[in-house]
Every structure is written in structure tokens, then in C-alpha cells.
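See structure below.
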Amino acid sequence: MVRSLNSSVTSMRAINAFGSASRATASQLSKLSSGSRIPNAKEDVASLSISKGIALEISALKSARNNLLQASSMLQMADSALGDVTDILNRMESVATMARNSTNSTVELQALDLEYQQLVGAMDTIVSGTEFNGKSLLGEQPEFRVAIVEADIASDNGFVGYNVEPDFALHQDGDQFEVTYNSATSTMTLHHVREDRYQTLNVSAVANGVIEDLDFNELGITVKLNDAFDPLADIDPAVNASTLTIGANVITPPTFAPSDIAGLAVHHSAVDSALNLTGNGVRDAGDIEVGSGGNNNLYQNSGGRRPDLEINGVFGRDAFDFDGSEFFRVNNNAVLNTSSHNQKSFAFSFRTGGDVTTTQNIWEEGAGVNGMNAYIDGGRLYFGIYRANGGVGSWLSTAISPSTDYTTSFTFDRATNSTTMYLNGAQVATGAGLGAGQALPAHSGGMAMGRTNGTTIYHSGLSTNNGDYFTGRVGEFIYYNNALSAAEHADLDTYMNNVVFSDILFNSEEIDIQAASGSDMVDRVALDIPKMAEQVYLIAQTNVLSDSAAGASHTHMGIMMDAVNAARADLGSFMNRLSFAEGVVSVSIENQSGAESVLSDADIAREMTEFMSQSMRLNVASEMIQQSQQSGQHVLSLLSGSLGEAA
């Protein structure tokens with residue numbers, strides 16, 4: 001080994017070994033003291049990046065689990081409140097039953113009604129006062145519909161309907177709008193008188209059988225025109241009747257009733273027959289409103305084929321919900337079909353399903369010889385009337401859309417040899433009858449709502465036997481042995497579109513629960529919080545001051561009990577769903593935490609072993625530095641000896 005004064009390679013090597021061992025020991029001490037395998041980025045850049053990403057995911061999942069637990073607590077609170085409502089309904093039912101005892105005096109009825117109204121108040125307090133973090137769970141204040149309450153511009157001018165945007169900020173009760181039409185420019189102007197605001201739209205001739213919507217969106221009004229509109233005739237508010245008046249917060253139900261028109265034969269109402277849609281045996285709907293005549297009630301032998309009652313099913317009111325395999329029967333009846341008739345009219349409110357292209361029979365009577373029907377086919381609603389094995393028939397139709405609420409009515413008149421069809425109160429089609437002076441001949445056999453009962457005649461030919469099921473909803477079905485006027489068709493539309501208290505809108509509320517860490521919709525759980533405000537509002541209109549009033553209250557209580565039970569079923573399903581989701585999130589947190597631990601947590605046993613090894617290296621290096629210093633002493637000894645001889 002070379003020994004020199006300028007360099008001590010042995011000492012350098014010892015110092016380098018000491019530094020390396022010292023750094024390794026410091027690293028091990030950092031890992032041991034922090035418990036982390038990556039106390040700083042230089043230890044393992046890739047693992048640090050991955051572990052921090054996983055840690056972020058774990059943090060989001062823990063928050064999502066908290067969201068789910070809070071949502072579950074919220075639903076439990078709502079369910080508990082609905083349990084209290086059930087108890088109140090049971091007591092109200094008992095009070096109403098006691099009120100139906102004919103031995104009750106007026107004083108006793110008043111005492112019973114006092115308790116009844118107190119119970120209604122308690123129910124309202126529970127529904128409106130059940131909150132979670134300031135959010136109402138079961139109740140809400142009603143939003144009142146804004147609607148045209150008066151229009152002196154007539155349907156014979158082609159103005160057949162109006163829609164009013166309920167949330168439009170400018171609307172006030174009693175606001176008036178003036179309509180101006182300039183035939184030279186083919187433009188129509190709507191003037192909001194109070195605000196002195198105008199909007200002008202181009203108008204073209206309306207095709208036969210079509211309804212055109214003019215959307216004055218800046219003023220919150222849509223005007224509906226049909227082919228009776230004359231594009232060559234001016235409309236001047238100073239000369240012509242052309243004023244629209246809107247009403248807001250009006251909850252007075254229409255004064256018109258189906259019985260106001262002569263010839264009423266059948267009136268089937270989803271609201272009135274709600275209690276007849278349960279059970280497994282034959283339930284003849286004996287309490288459905290019926291005019292004169294014999295056994296013309298809806299019934300269904302099979303509970304599995306009986307349509308459900310859908311709360312707020314059509315135009316905000318209850319409706320029969322047909323799922324494509326359900327239907328009602330109506331027995332053979334002289335008032336409806338086993339006698340010949342010179343005039344016929346019927347009307348119904350309905351909601352189309354998602355499919356309006358396939359053939360779906362809504363009402364059918366007769367078979368392959370004589371009869372009438374109303375059905376959907378190819379995106380159109382048809383009304384048909386026929387006799388003599390299909391040799392003579394008339395079918396009218398109009399376009400309809402999927403998942404939309406409509407009212408419709410039809411009339412056959414032997415005297416004028418005509419048929420007419422109305423949609424939403426506006427005439428959309430007219431055609432011939434069954435021949436000059438020809439009545440609708442008798443046609444025996446049962447009738448059906450929701451499918452064919454045997455066979456029928458369509459515009460395209462004979463139907464299949466017992467098929468062509470309807471998928472959608474029917475709210476009311478009204479049948480007359482009379483020919484209705486245009487005004488009476490309009491009255492029916494007003495009635496079916498505004499059945500009792502339908503001016504009040506109760507909107508359900510959806511709450512989204514973030515149940516995972518992502519931003520996609522699949523990471524969210526949407527919960528429809530059941531609202532009871534409408535049912536409370538309706539039941540608050542009832543009393544038990546008489547036998548008939550107490551009887552009517554039973555119907556409303558039955559509807560509300562069904563709604564409460566359905567709501568509790570929904571809540572239970574939601575809570576189960578949240579429980580499963582919380583379990584999935586918890587397992588994900590566990591697995592992600594395990595993965596993150598592998599990357600970032602220090603293995604103490606291993607790190608301690610490594611620390612001991614590096615500590616030994618550090619001690620050895622320190623000893624070697626001392627030894628290298630002794631090697632330098634040998635060089636000094638050599639120098640000292642040589643210098644002594646020279647002296």
C-alpha cells in the first residue's frame with residue numbers, strides 16, 4: 001500500500017462508509033419513528049404517488065359512508081312520523097264509524113267532528129313539522145297553478161287552448177293579455193297589459209286536424225291554434241274580442257259535473273273506486289259513480305289482472321294504472337250496448353305510456369259486427385264506430401305523444417250522420433256516421449277497458465282475440481247516450497283536466513345521496529322523499545257531521561292509508577338500499593386501506609432489523625476511521641526516523 005502525505009485512501013473509504021451508514025441509519029430512524037415506509041418523497045416516488053391517490057379515495061369513501069348513514073337516519077325519522085300518521089288514521093276511522101250510527105244526535109255528531117278535526121290538525125302538524133336539518137321530509141306548501149280563467153277570444157276563431165307557465169315571475173292574479181294578429185305580416189302579438197310588454201311570433205296556416213303551439217315564452221303564455229284559425233283575417237283588440245285573463249292561487253274546483261249533461265249512462269272514477277282495487281277475489285266496484293241503467297259497473301275477476309291505483313296519475317289526480325296485462329270488464333247491458341242507439345258520446349282522461357306505436361285498446365264494445373272503440377296505433381289516437389260486419393264504419397284519429405296527459409271525447413249522431421273527435425277540449429277530427437238515418441245497432445257481449453274483450457274492428461281490420469292491452473293510465477271514463485255539443489265537450493275537458501282540487505300542485509322532491517367518490521351518476525343514490533301534504537289537504541276537506549259526510553271521509557282515509565303504506569314501503573326499500581350501499585362502501589374502505597397500508601406503512605420488524613444492521617455498519621465505519629488515523633501515525637514515524645539520522 002502506498003503511504004503518502006497528500007492522500008489517505010483508507011481514511012476516505014472509512015469516511016464514505018461512515019457517511020453511507022449514517023444516512024441509512026437516519027432513514028431507518030425516520031421510518032421507525034413515523035411508522036411510514038415513505039417518510040419523504042425520495043424514499044419511493046412511485047409508491048408515494050399511488051398511496052396518496054388511494055388515501056384520497058379512502059377519504060371520499062368515508063365521507064360517502066357518512067352521507068349514507070345520515071340519509072338512513074333521515075328516512076328512519078320520516079318512517080317514524082308516518083307510523084304516527086297511521087295511528088291517527090286508525091283513530092279517525094273509528095270516529096267516522098261512530099259518526100255513521102243513526103242514533104247520533106246533532107250534538108254528538110258535532111262532538112265527534114271536533115275530535116276528528118283535532119286529529120286532522122295533529123296529522124298536519126306531523127306532516128308539516130317533520131324535518132331533518134331544516135328540510136321538510138313529508139310536507140310542503142302547495143304551489144297554486146296559474147291558469148287562464150277567462151278568454152273572450154273564441155274557439156271558433158281557432159283559439160282552442162292556452163298553457164300558462166306557473167312559475168313565471170311576472171304573473172299576478174287577474175293579469176290580462178291582449179292578442180293582435182296582422183294578416184299582412186302573418187304575425188301575432190301578445191301584450192301583457194300590466195307590464196306593458198310585447199312579444200311577436202310568426203304564424204302560418206294550420207293544417208287540417210293539427211294543433212299548433214305559439215310559445216310566447218317571454219310572457220309565459222302558450223296559445224294553441226287549430227285549423228279554424230283564419231290567417232287572412234286581422235285581429236285588433238280595439239275591434240275584436242281578444243283578451244286573456246289569468247288567475248293565480250285559485251283552488252275553487254270546477255262547478256261542472258258529468259251529470260250536468262243529459263244522457264249520462266256511466267261515470268267511472270279512479271278516485272271513487274280506489275277501495276275496490278284490493279284483494280284477491282271478485283270485487284264488483286259497486287260504489288263507482290253510475291247514472292241510470294243496470295249492471296254497468298267495472299269489475300275484474302282476477303286480482304292479478306286488476307289495475308293498480310296510481311296517486312296523482314293523470315293531471316295530478318288518481319288514475320287506474322294499466323301495465324300491459326291488466327284490464328276491466330263491463331257486463332252486457334241494455335243501456336250501453338244491447339239496444340240500438342241514435343246518439344253516443346264518451347270521454348276519458350288518460351296518460352300514454354312510453355310506447356304509442358303498437359295497437360293498444362283503451363275502450364271496446366261490440367265484436368266483429370257492430371260496435372265502438374277507442375285505441376292507440378301508430379302514434380295516433382283512434383275513435384271508431386261500425387256496423388254490419390264492418391261493411392260501414394268511421395274512424396277518426398289524431399296524433400299523440402308518449403308519456404303525456406290528455407283528455408279526449410267522441411260523439412256519434414244519427415241525426416247529422418256524423419262523428420266528431422276532441423282532444424284536450426278542441427275538435428281535432430270529424431267524419432261520417434253509419435249512413436243517413438242509421439243508428440248504432442245492438443251489439444251484445446261484455447265490454448272492456450284496457451284491452452279487447454273478444455274481437456273488435458279497427459281502421460285496418462279485425463283485431464286479435466282478447467288482446468291489444470293498453471299500457472298507460474285512465475283517470476275518468478264518462479259515457480253518454482247523447483250527442484254532445486262543442487261547449488259540452490269543452491266542459492268535459494275542463495272537468496277532467498281540473499278534477500276536484502287539481503288546481504293545487506304538490507311536487508315530489510328528489511334527494512341525491514353521494515354514495516361513492518366519483519362524479520358519475522352511478523355514484524349517486526336518488527331518493528324520492530314521499531310527500532303527504534296533498535293527502536292531508538284533501539282529508540282536511542272532510543268532516544263527520546252527517547252519515548253521508550262520514551261515509552265520504554272513509555274513502556279519503558282509505559286513499560291516504562294506501563298512500564302512507566306505499567310511502568313506508570318506499571322508505572323501507574330505500575333504507576335497505578342505503579344499508580347495502582353502506583356495506584359496500586365499508587368493504588371498499590377496508591380493501592383500499594389495506595392496499596394503501598402495503599404501500600405506505602412501515603414494516604416495523606423489517607425496518608428494525610435493517611436499523612440494527614445499519615447501526616453495526618456505522619459502528620464499524622467509525623472504528624475504521626480511527627484505524628485509518630493510526631496508519632497516518634506510521635508515516636509520521638517514518639519521517640521522524642529519517643530526520644533524526646540526518647541530524
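Every chain in the C-alpha cells takes a letter, A first, then B, and so on in the order presented; its residues are numbered from 1, and the ligands are numbered from 1 following the presented order.
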
task = Tell me which protein, DNA and RNA residues are within 7 Å of segment 70-72 of chain A, counting only C-alpha atoms, leaving out same-chain ones fewer than 3 positions away, and put them as a PyMOL selection string.
result = chain A and resi 66-67+75-76+575+578

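The coordinates place atom CA of Leu484 of chain A at 16.8 Å from atom CA of Ser349 of chain A.
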
* Compile the contact shell of Gly83 of chain A as an MDAnalysis selection string: residues with an atom at most 12 Å away, counting only C-alpha atoms, same-chain residues fewer than 3 positions apart removed. => chainID A and resid 76:80 86:90 123 126:127 561 564:565 567:569 571

Excluding same-chain residues fewer than 6 positions from Asn543 of chain A, what lies within 8 Å of it counting only C-alpha atoms, as a PyMOL selection string?
chain A and resi 113+116-117+549-550+553

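Checking A:Val206, A:Ile221, A:Val239, A:Met496 one by one against Ala347 of chain A, counting only C-alpha atoms, you find the shortest gap at A:Met496.
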
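As for atom CA of Ser444 of chain A and atom CA of Leu492 of chain A, they are spaced 28.0 Å apart.
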
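Taking only C-alpha atoms into account, Arg100 of chain A lies nearest to A:Leu545 out of the set A:Ile362, A:Ile211, A:Met74, A:Leu545.
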
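Take the candidates A:Ala490, A:Leu336, A:Ala238, A:Val544 and check each one against Glu108 of chain A using only C-alpha atoms; the shortest distance goes to A:Val544.
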